[in-house]
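Notes to accompany the following structure.
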Amino acid sequence: PNSRSPAQTPSPAQTSMHLVVIGRSNKKKKGMEGSDPMATLTDDILADIISRLPYKSTCCCKCVSKRWRDLIYHRHHRKKMPQSVVGFFYEGYNECRSPRKARYFTNLSREYYPLVDPSLSFLPNCGSLDILDACNGLLLCRCWKAADPLKLDYVVCNPTTEKWVSVPATEWPSKVGVARLGFDPAVTSHFHVFEFIDEEAWGVPEDEQDDDFYRRIHTLAIYSSKAGVWKYQTVKQGPFAIPKHSVSSFLNGVLNLAADYNLIVAVDVEGDNWWLVPIPERPDYVDDTNGIFTSQGRVYFADSDRSKLSIWILEDYATGKWTLKHNVSHL
């Protein structure tokens, strides 16, 4: 009762409504000339209708009239309206400040509201937390409990609506370095949490661990908010290892992560389909693979060396075919 899961909150696709302009008959009734049927609606009723529209439709409504624009921007109605917030979280450290370490949010949206609390203070019973991943408006956090600092949970939250839900922790969350979130509100209101458990965290004896792949991924655990349980499977693909700060992207039910040795690891939400995709050739002095992005329904890889920025598009997971889209010289 104290939390609301994104699964309990209908996505814009589920609550979409369309305002239809009805053509007027050529026969005009006496006293009805020039009348606007929407003008008879009170502000509260009109705001309630607009609040049920998808974000793009709300933007269109701002252009209908000054009344509609002012209604959407009014502080009394603003929180009801779907908002699009673009920005990023980051942490700063300063020895002359208290606390020395603090988290910030930089809002890149054209509008100033809604504001985002970078401390995520709305999460209860949380002594400290780390933001592990972000996906389509939701954050995956690792939250240490205030009452028992040795115990922790995963928390998935929406920082703009301040709605959240706890995800039951596995046996290894404090040892696991890589956990990622998969969420696509256009498809479903449910989300998935992916936990990549390496050999050391799983408890593989040191003399049996892979010497060529430090922290080789041994097991994948997937949590479904719809089923409410974790599913485990031994990873038979590879071998591969994933850096702690590996960049990920989620598209069409597939999680894509940057892995060591110039690989992209892709796995679907059921864990049934895997792909290990080599990235395009890179200079020997470039070690990290971090430039994975999604745009317009495709997976992209961006690579920047000393002289140029190259952007590639993935054509096929099975063949690992990439096509060069752009080459921009730094010079």
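The chains in the structure tokens are called A, B, ... from first to last as shown; in each chain the residues are counted from 1, and the ligands are counted from 1 in the order shown.
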From the DSSP assignment of the backbone, select every residue of segment 48-250 of chain A that is strand (DSSP E or B), and format the answer as a PyMOL selection string.
-> chain A and resi 87-93+101-107+126-135+138-145+152-158+163-167+178-183+191-198+217-224+229-234+248-250
Go ahead and save the picked residues with C-alpha atoms, as a PDB file, in the first residue's frame.
ATOM      1  CA  GLY A  87      18.488  14.959 -18.267  1.00  0.00           C
ATOM      2  CA  PHE A  88      21.114  13.015 -16.411  1.00  0.00           C
ATOM      3  CA  PHE A  89      22.213  12.182 -12.876  1.00  0.00           C
ATOM      4  CA  TYR A  90      25.818  12.560 -11.818  1.00  0.00           C
ATOM      5  CA  GLU A  91      27.823  12.562  -8.595  1.00  0.00           C
ATOM      6  CA  GLY A  92      30.269  15.216  -7.457  1.00  0.00           C
ATOM      7  CA  TYR A  93      32.963  15.197  -4.800  1.00  0.00           C
ATOM      8  CA  LYS A 101      29.853  13.412  -2.016  1.00  0.00           C
ATOM      9  CA  ALA A 102      26.517  14.486  -3.490  1.00  0.00           C
ATOM     10  CA  ARG A 103      24.247  13.518  -6.388  1.00  0.00           C
ATOM     11  CA  TYR A 104      22.889  16.050  -8.886  1.00  0.00           C
ATOM     12  CA  PHE A 105      20.365  16.092 -11.713  1.00  0.00           C
ATOM     13  CA  THR A 106      20.839  18.293 -14.753  1.00  0.00           C
ATOM     14  CA  ASN A 107      17.569  18.989 -16.561  1.00  0.00           C
ATOM     15  CA  CYS A 126      16.839   3.757   2.572  1.00  0.00           C
ATOM     16  CA  GLY A 127      20.119   4.560   4.315  1.00  0.00           C
ATOM     17  CA  SER A 128      22.088   4.973   1.088  1.00  0.00           C
ATOM     18  CA  LEU A 129      21.560   4.058  -2.516  1.00  0.00           C
ATOM     19  CA  ASP A 130      23.290   3.701  -5.867  1.00  0.00           C
ATOM     20  CA  ILE A 131      21.659   4.363  -9.222  1.00  0.00           C
ATOM     21  CA  LEU A 132      22.560   1.337 -11.337  1.00  0.00           C
ATOM     22  CA  ASP A 133      20.625   1.985 -14.535  1.00  0.00           C
ATOM     23  CA  ALA A 134      17.970   4.110 -16.218  1.00  0.00           C
ATOM     24  CA  CYS A 135      15.523   2.967 -18.887  1.00  0.00           C
ATOM     25  CA  LEU A 138      12.529   4.501 -14.686  1.00  0.00           C
ATOM     26  CA  LEU A 139      15.570   4.104 -12.444  1.00  0.00           C
ATOM     27  CA  LEU A 140      17.030   0.902 -11.042  1.00  0.00           C
ATOM     28  CA  CYS A 141      18.589   1.574  -7.639  1.00  0.00           C
ATOM     29  CA  ARG A 142      20.399  -0.530  -5.073  1.00  0.00           C
ATOM     30  CA  CYS A 143      19.149   0.543  -1.661  1.00  0.00           C
ATOM     31  CA  TRP A 144      20.862  -0.225   1.632  1.00  0.00           C
ATOM     32  CA  LYS A 145      18.372  -0.403   4.476  1.00  0.00           C
ATOM     33  CA  LEU A 152      19.789  -4.215   0.658  1.00  0.00           C
ATOM     34  CA  ASP A 153      17.048  -4.341  -1.961  1.00  0.00           C
ATOM     35  CA  TYR A 154      16.643  -3.309  -5.535  1.00  0.00           C
ATOM     36  CA  VAL A 155      14.195  -0.453  -6.043  1.00  0.00           C
ATOM     37  CA  VAL A 156      12.626   0.602  -9.331  1.00  0.00           C
ATOM     38  CA  CYS A 157      11.246   4.131  -9.264  1.00  0.00           C
ATOM     39  CA  ASN A 158       9.992   6.971 -11.416  1.00  0.00           C
ATOM     40  CA  LYS A 163       6.284   6.213  -7.462  1.00  0.00           C
ATOM     41  CA  TRP A 164       8.414   3.201  -6.591  1.00  0.00           C
ATOM     42  CA  VAL A 165       8.390  -0.525  -5.962  1.00  0.00           C
ATOM     43  CA  SER A 166      10.825  -2.810  -4.164  1.00  0.00           C
ATOM     44  CA  VAL A 167      12.277  -5.796  -5.978  1.00  0.00           C
ATOM     45  CA  VAL A 178      26.249  -5.495 -13.114  1.00  0.00           C
ATOM     46  CA  ALA A 179      22.451  -5.170 -12.820  1.00  0.00           C
ATOM     47  CA  ARG A 180      20.377  -3.551 -15.545  1.00  0.00           C
ATOM     48  CA  LEU A 181      16.768  -2.543 -16.204  1.00  0.00           C
ATOM     49  CA  GLY A 182      14.509  -3.285 -19.173  1.00  0.00           C
ATOM     50  CA  PHE A 183      11.341  -1.235 -19.625  1.00  0.00           C
ATOM     51  CA  PHE A 191       9.639  -4.168 -16.317  1.00  0.00           C
ATOM     52  CA  HIS A 192      12.505  -6.652 -16.053  1.00  0.00           C
ATOM     53  CA  VAL A 193      15.667  -6.559 -13.940  1.00  0.00           C
ATOM     54  CA  PHE A 194      18.748  -8.382 -15.259  1.00  0.00           C
ATOM     55  CA  GLU A 195      21.427  -9.478 -12.794  1.00  0.00           C
ATOM     56  CA  PHE A 196      24.701 -10.739 -14.265  1.00  0.00           C
ATOM     57  CA  ILE A 197      26.439 -12.914 -11.665  1.00  0.00           C
ATOM     58  CA  ASP A 198      30.136 -13.544 -12.242  1.00  0.00           C
ATOM     59  CA  ILE A 217      29.656 -14.115 -16.229  1.00  0.00           C
ATOM     60  CA  HIS A 218      28.474 -17.449 -14.820  1.00  0.00           C
ATOM     61  CA  THR A 219      24.722 -16.996 -14.232  1.00  0.00           C
ATOM     62  CA  LEU A 220      21.979 -14.656 -15.407  1.00  0.00           C
ATOM     63  CA  ALA A 221      19.044 -13.860 -13.106  1.00  0.00           C
ATOM     64  CA  ILE A 222      15.983 -12.120 -14.587  1.00  0.00           C
ATOM     65  CA  TYR A 223      13.178 -10.620 -12.506  1.00  0.00           C
ATOM     66  CA  SER A 224       9.780 -10.005 -14.094  1.00  0.00           C
ATOM     67  CA  VAL A 229       9.821 -13.882  -9.256  1.00  0.00           C
ATOM     68  CA  TRP A 230      13.459 -14.312 -10.298  1.00  0.00           C
ATOM     69  CA  LYS A 231      14.435 -16.831 -12.965  1.00  0.00           C
ATOM     70  CA  TYR A 232      17.994 -18.206 -13.080  1.00  0.00           C
ATOM     71  CA  GLN A 233      19.999 -19.789 -15.852  1.00  0.00           C
ATOM     72  CA  THR A 234      23.617 -20.819 -16.304  1.00  0.00           C
ATOM     73  CA  SER A 248      23.361  -0.671 -21.860  1.00  0.00           C
ATOM     74  CA  SER A 249      20.287  -0.045 -23.992  1.00  0.00           C
ATOM     75  CA  PHE A 250      16.902  -1.786 -24.189  1.00  0.00           C
TER      76      PHE A 250
END
DSSP-assigned helix (DSSP H, G or I) members of segment 48-256 of chain A, reported as a ChimeraX atom specification = /A:48-51,55-61,66-73,75-78,199-202,206-208
What is the distance, in Å and to one decimal place, between atom CA of Asp48 of chain A and atom CA of Leu123 of chain A?
->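 Going from atom CA of Asp48 of chain A over to atom CA of Leu123 of chain A, I get 27.9 Å.
Each of A:Val267, A:Ile50, A:Val299, A:Ile279 was checked against Ile72 of chain A using only C-alpha atoms; the smallest atom-to-atom distance is that of A:Ile50.
Separating atom CA of Val187 of chain A from atom CA of Cys59 of chain A is a distance of 21.7 Å.
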For the atom pair atom CA of Arg298 of chain A and atom CA of Lys226 of chain A, what is the interatomic distance in Å to one decimal place?
->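 Interatomic distance here is 26.1 Å.
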